[in-house]
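Engineer: After the structure tokens below, expect a handful of questions from me.
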Amino acid sequence: MIGGAVIWYKPEWKIVDLICTLVFSVIVMATTIKMLRSVLEVLMESTPREVDATKLEKGILEMEEVVAIHELHIWAITVGKILLACHVKIRPEANADTVLDNVINYIKREYNISHVTIQIER
């Protein structure tokens, strides 16, 4: 609209149309790059940037009854919807239900991951 108004007022300034188009193109590119990056991360099922898998694993290992953690998988199915699955090895005398609740609560509280699948192993 700005380019059209300028050209209507001063017809010899046709270059304004090109300049306005280039500025608009830059604005569109700047606003869509972040969205495209998020979409590609979901399609590639990569670990979301906001989740540090090493720190998460370390936090679970610091729990009293946890011996080891393996097969840790973290991915996003949509932007903002993160899933986690892992195997947690616990001490033989530990209460599996209590450890499971503690691990799930930790993940939900610290990383806001609502869909968690944990397999307890002894």
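Naming works like this for the structure tokens: A, B, ... for the chains as they're shown, residue 1 at the start of each chain, ligands 1 onward in shown order.
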Determine, counting only C-alpha atoms, which protein, DNA and RNA residues have an atom within 10 Å of an atom of segment 39-49 of chain A; residues of the same chain fewer than 3 positions away are not included. Present the result as a PyMOL selection string.
Structural biologist: chain A and resi 33-36+52-53+73-84
Engineer: Do you know which residues are at most 12 Å from Ile104 of chain A counting only C-alpha atoms, after dropping those on the same chain fewer than 2 positions away, and could you put them as a count of residues only?
Structural biologist: 30
Engineer: Using only C-alpha atoms, which residue out of A:Arg37, A:Val67, A:Trp8, A:Met1 lies closest to Cys20 of chain A?
Structural biologist: A:Met1
Engineer: Using DSSP on the backbone, list every residue of chain A that comes out as helix (DSSP H, G or I), and give them as number ranges by chain.
Structural biologist: A: 2-9, 15-43, 53-61, 96-111
Engineer: So, counting only C-alpha atoms, which residue among A:Met29, A:Val103, A:Leu72, A:Val66 is closest to Lys89 of chain A?
Structural biologist: A:Val66
Engineer: DSSP on the backbone: what in chain A comes out strand (DSSP E or B), as a PyMOL selection string?
Structural biologist: chain A and resi 66-78+81-90+115-121
Engineer: Could you tell me which of A:Ile27, A:Ile15, A:Ile90, A:Leu22 comes closest to Arg122 of chain A if we count only C-alpha atoms?
Structural biologist: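 Under the stated criterion, the closest residue is A:Ile90.
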